[in-house]
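For reference, the structure is listed below as structure tokens.
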Amino acid sequence: MANFDLIDAYAARLGRLLRWRPDAADLVAETTDHLRSAAGQLIRDGADPLQAQQITLERFGDAALVARSFAVTAAGGLRMPTRFTRAAGHAALAAAAAWLAAGVLAVFGHTELLGWSAAGYYAWSAVAALAAAATLVTVAGSLARAGAGRGTGGRGAVAAAGLAVAALAAFPWFWPLGGALLTAATAAAIGQLRAARLPVPWPAWLAPAAFPAGFACYAALGYLRAGPADSYGDYQVASLAGFALSAALLALSLAGLGGWLRHETPADLPEPAAAA
Amino acid sequence: MKGDALKGHLDLLILAILASGPRHGYGVIDQLRARSGDAFDLPEGTVYPVLHRLQAAGLLDSSWNEADGRRRRTYQITRQGRAALAERRAAWDAFSHAVTSVLRGVPWPTLT
């Protein structure tokens, strides 16, 4: 009777290397079928069972190489979860919380509705910049997860997010500028994730629409002259509602994206030991 | 011929093999070896990501069945896959014809 221990060991190792993929069991079953078919053919051709397994495994390729080839993109990137993409998931959740806080702080830092103060303004500015910085990390992690972090588009998206951080730190009152830059960055990240056919939860798709929706709200309420005008002639309710809507939509989107990214098993963790 | 030389051509070769009928992964690789006269030497395991990518692109479809007491995945080419094969085959024919013309010193397209 043929001894398939080498094939079983190989399949088990491949399963450990591919543990980050939801379809790992199918890939291992497919590989096992291939290896046993190939070894069976060699045995029928006269090879002894052990030799047949050795030849079969040599032809199939090292398990680490095969596992890695499932993650390589056409552009040469690696489309797989890593410790960095998991960290980006945590950053996304932090960004979601920070955007909600920025939406609330805008009442004190961006309007005179409840009394404007310099401290409120600086707090709003700092939290908005912090939220944008955490969003930048999320964008970088999402691009890396899609295997598109090192391309021109990926680098451009990260640069746009970096400029958004600076814009929101320096000119929070001109939030549509930072918002436009974040829109470009998140659109690139979500676009790459979707192009890679990754199971991105639906709230994440809203990210590129957050600031356009907020700006539309700002423009509409401004046109309607909603609320009192501030000392610069700006309709405070319009600008506040626009920013708060953007922040809320972005927070919802980032929470969905972060929940997914942080729950994936990183493929770059050390390979777990084989079960005894 | 090493696997690197096949980069960019493996999609076309796999589609061509599956155009003649559904096969499981081992069958595809077996045909690849047989039709090339054992000329293509690539780690067989690296063919599977290509099969999966072609399926994700809608050029292949697959189904699971039971064979020899094991789960077996069988691939078949889709209508979209046949269209892509025709397009890529025409592009390859034009390319290889032009290269051959240059190598033989005969002006293209007079080569027969």
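Residue names in the structure tokens use chain letters A, B, ... in the order shown, residue numbers from 1 in each chain, and ligand numbers from 1 in the order shown.
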**Item:** Those of chain B in DSSP strand (DSSP E or B), formatted as a PyMOL selection string
**Value:** chain B and resi 2+23-24+41+60-67+70-77
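Within 7 Å of region 204-213 of chain A, once only C-alpha atoms are used and residues closer than 4 positions along the same chain are dropped, the contacting residues are Gly179, Ala180, Thr183, Thr186, Ala187, Ile190, Val200, Cys217, Ser246, Leu249, Leu250, Ser253, Leu254, Gly256 and Leu257 of chain A.
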Excluding Asp8 (chain A) and its own-chain neighbours fewer than 6 positions away, which residues fall within 12 Å of it when counting only C-alpha atoms? Please give them as a CSV table (one decimal) with N, CA and C atoms, in the first residue's frame.
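As a result, out-v5.csv now contains:
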```
chain,number,residue,atom,x,y,z
A,14,LEU,N,1.1,23.5,3.7
A,14,LEU,CA,0.4,24.5,2.8
A,14,LEU,C,-0.8,25.1,3.5
A,15,GLY,N,-1.5,24.3,4.2
A,15,GLY,CA,-2.7,24.8,4.9
A,15,GLY,C,-2.3,25.8,6.0
A,28,VAL,N,-6.2,23.5,-0.2
A,28,VAL,CA,-5.5,22.3,0.3
A,28,VAL,C,-6.1,21.0,-0.4
A,29,ALA,N,-7.4,21.0,-0.4
A,29,ALA,CA,-8.1,19.8,-1.0
A,29,ALA,C,-7.7,19.7,-2.5
A,31,THR,N,-5.0,20.8,-3.9
A,31,THR,CA,-3.5,20.4,-4.0
A,31,THR,C,-3.4,19.0,-3.7
A,32,THR,N,-4.1,18.5,-2.7
A,32,THR,CA,-3.9,17.1,-2.3
A,32,THR,C,-4.4,16.2,-3.4
A,33,ASP,N,-5.5,16.6,-4.1
A,33,ASP,CA,-6.0,15.8,-5.2
A,33,ASP,C,-4.9,15.7,-6.3
A,35,LEU,N,-1.6,16.2,-6.0
A,35,LEU,CA,-0.4,15.4,-5.6
A,35,LEU,C,-0.7,13.9,-5.6
A,36,ARG,N,-1.8,13.5,-5.2
A,36,ARG,CA,-2.1,12.1,-5.2
A,36,ARG,C,-2.3,11.6,-6.6
A,53,GLN,N,6.3,10.1,-4.4
A,53,GLN,CA,5.9,11.3,-3.6
A,53,GLN,C,7.0,12.3,-3.7
A,57,LEU,N,6.3,16.0,-5.3
A,57,LEU,CA,6.5,17.3,-4.5
A,57,LEU,C,7.5,18.2,-5.0
A,274,ALA,N,3.8,22.6,13.3
A,274,ALA,CA,2.9,21.5,13.0
A,274,ALA,C,2.4,20.8,14.2
```
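Distance criterion 6 Å to chain B, applied with only C-alpha atoms, yields His34, Arg59, Phe60, Gly61, Val66 and Phe70 of chain A on chain A.
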Output N, CA, C and O atoms for every residue in the selection just made, as a tab-separated table (two decimals), in the first residue's frame.
```tsv
chain	number	residue	atom	x	y	z
A	34	HIS	N	-4.28	16.88	-6.59
A	34	HIS	CA	-3.23	16.95	-7.62
A	34	HIS	C	-2.06	16.03	-7.25
A	34	HIS	O	-1.62	15.21	-8.06
A	59	ARG	N	8.20	18.48	-8.22
A	59	ARG	CA	7.60	19.12	-9.39
A	59	ARG	C	6.58	20.18	-9.00
A	59	ARG	O	6.39	21.15	-9.71
A	60	PHE	N	5.91	19.96	-7.87
A	60	PHE	CA	4.85	20.91	-7.48
A	60	PHE	C	5.44	22.22	-6.97
A	60	PHE	O	4.87	23.29	-7.15
A	61	GLY	N	6.60	22.14	-6.35
A	61	GLY	CA	7.26	23.35	-5.86
A	61	GLY	C	7.15	23.48	-4.35
A	61	GLY	O	6.25	22.92	-3.72
A	66	VAL	N	4.61	28.24	-3.33
A	66	VAL	CA	3.24	28.08	-3.84
A	66	VAL	C	2.28	29.00	-3.07
A	66	VAL	O	1.46	29.70	-3.67
A	70	PHE	N	-0.01	32.62	-4.50
A	70	PHE	CA	-1.44	32.93	-4.43
A	70	PHE	C	-1.67	34.40	-4.08
A	70	PHE	O	-2.77	34.90	-4.22
```
**Among listed residues B:Leu10, B:Leu51, B:Ile77, B:Ala34, nearest Pro22 (chain B) (using only C-alpha atoms)** = B:Ile77
**Message:** DSSP on the backbone: which residues in region 52-103 of chain B end up as helix (DSSP H, G or I)? Give the answer as a PyMOL selection string.
**Reply:** chain B and resi 52-56+79-103
Selection file, N, CA, C and O atoms, as a compact mmCIF listing (two decimals), in the first residue's frame:
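Just written: again.txt:
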```txt
# COMPACT_ATOMS: atom_id res chain seq x y z
N HIS B 52 -7.04 30.22 -10.65
CA HIS B 52 -7.96 30.96 -9.77
C HIS B 52 -8.14 32.39 -10.27
O HIS B 52 -9.24 32.94 -10.21
N ARG B 53 -7.05 32.99 -10.75
CA ARG B 53 -7.15 34.36 -11.25
C ARG B 53 -8.03 34.42 -12.51
O ARG B 53 -8.85 35.32 -12.67
N LEU B 54 -7.86 33.43 -13.38
CA LEU B 54 -8.68 33.40 -14.60
C LEU B 54 -10.15 33.19 -14.24
O LEU B 54 -11.05 33.75 -14.88
N GLN B 55 -10.38 32.41 -13.20
CA GLN B 55 -11.78 32.22 -12.77
C GLN B 55 -12.34 33.52 -12.19
O GLN B 55 -13.47 33.90 -12.48
N ALA B 56 -11.53 34.20 -11.38
CA ALA B 56 -11.99 35.47 -10.80
C ALA B 56 -12.29 36.49 -11.89
O ALA B 56 -13.17 37.34 -11.73
N ARG B 79 -17.80 31.41 -21.93
CA ARG B 79 -17.93 32.08 -23.23
C ARG B 79 -16.96 33.28 -23.30
O ARG B 79 -16.32 33.51 -24.31
N GLN B 80 -16.88 33.99 -22.18
CA GLN B 80 -15.96 35.13 -22.11
C GLN B 80 -14.51 34.65 -22.27
O GLN B 80 -13.69 35.32 -22.90
N GLY B 81 -14.23 33.48 -21.72
CA GLY B 81 -12.89 32.91 -21.83
C GLY B 81 -12.56 32.56 -23.27
O GLY B 81 -11.42 32.76 -23.72
N ARG B 82 -13.55 32.03 -23.99
CA ARG B 82 -13.31 31.69 -25.41
C ARG B 82 -13.03 32.94 -26.23
O ARG B 82 -12.18 32.95 -27.12
N ALA B 83 -13.76 34.00 -25.91
CA ALA B 83 -13.54 35.27 -26.63
C ALA B 83 -12.14 35.81 -26.34
O ALA B 83 -11.42 36.26 -27.24
N ALA B 84 -11.74 35.71 -25.05
CA ALA B 84 -10.40 36.19 -24.67
C ALA B 84 -9.33 35.34 -25.34
O ALA B 84 -8.29 35.85 -25.78
N LEU B 85 -9.58 34.03 -25.42
CA LEU B 85 -8.62 33.13 -26.06
C LEU B 85 -8.43 33.50 -27.53
O LEU B 85 -7.29 33.57 -28.03
N ALA B 86 -9.53 33.75 -28.23
CA ALA B 86 -9.45 34.11 -29.65
C ALA B 86 -8.64 35.40 -29.84
O ALA B 86 -7.78 35.49 -30.73
N GLU B 87 -8.92 36.33 -28.96
CA GLU B 87 -8.23 37.63 -29.05
C GLU B 87 -6.73 37.47 -28.78
O GLU B 87 -5.89 37.98 -29.53
N ARG B 88 -6.40 36.72 -27.72
CA ARG B 88 -4.98 36.57 -27.34
C ARG B 88 -4.24 35.69 -28.35
O ARG B 88 -3.05 35.89 -28.60
N ARG B 89 -4.95 34.71 -28.91
CA ARG B 89 -4.32 33.85 -29.91
C ARG B 89 -3.96 34.67 -31.15
O ARG B 89 -2.87 34.52 -31.71
N ALA B 90 -4.86 35.56 -31.56
CA ALA B 90 -4.60 36.40 -32.73
C ALA B 90 -3.40 37.32 -32.46
O ALA B 90 -2.53 37.50 -33.33
N ALA B 91 -3.37 37.87 -31.26
CA ALA B 91 -2.25 38.76 -30.90
C ALA B 91 -0.94 37.99 -30.88
O ALA B 91 0.09 38.47 -31.36
N TRP B 92 -0.99 36.76 -30.33
CA TRP B 92 0.23 35.93 -30.28
C TRP B 92 0.67 35.56 -31.69
O TRP B 92 1.88 35.61 -32.00
N ASP B 93 -0.25 35.18 -32.56
CA ASP B 93 0.09 34.81 -33.93
C ASP B 93 0.79 35.97 -34.64
O ASP B 93 1.82 35.78 -35.31
N ALA B 94 0.24 37.17 -34.47
CA ALA B 94 0.84 38.34 -35.12
C ALA B 94 2.24 38.61 -34.56
O ALA B 94 3.18 38.88 -35.32
N PHE B 95 2.36 38.48 -33.24
CA PHE B 95 3.65 38.74 -32.59
C PHE B 95 4.70 37.71 -33.03
O PHE B 95 5.81 38.06 -33.44
N SER B 96 4.33 36.44 -32.95
CA SER B 96 5.31 35.39 -33.27
C SER B 96 5.69 35.43 -34.75
O SER B 96 6.84 35.19 -35.11
N HIS B 97 4.71 35.78 -35.59
CA HIS B 97 4.98 35.89 -37.02
C HIS B 97 6.00 37.01 -37.27
O HIS B 97 6.96 36.84 -38.04
N ALA B 98 5.80 38.13 -36.60
CA ALA B 98 6.70 39.28 -36.77
C ALA B 98 8.10 38.95 -36.27
O ALA B 98 9.10 39.27 -36.92
N VAL B 99 8.19 38.27 -35.11
CA VAL B 99 9.50 37.91 -34.56
C VAL B 99 10.22 36.95 -35.50
O VAL B 99 11.41 37.10 -35.80
N THR B 100 9.48 35.96 -35.99
CA THR B 100 10.08 34.99 -36.91
C THR B 100 10.59 35.69 -38.17
O THR B 100 11.66 35.36 -38.69
N SER B 101 9.82 36.65 -38.66
CA SER B 101 10.22 37.38 -39.85
C SER B 101 11.55 38.09 -39.63
O SER B 101 12.44 38.06 -40.47
N VAL B 102 11.67 38.71 -38.44
CA VAL B 102 12.90 39.43 -38.12
C VAL B 102 14.06 38.45 -38.03
O VAL B 102 15.14 38.68 -38.59
N LEU B 103 13.84 37.34 -37.35
CA LEU B 103 14.92 36.37 -37.16
C LEU B 103 15.39 35.76 -38.48
O LEU B 103 16.56 35.47 -38.67
```
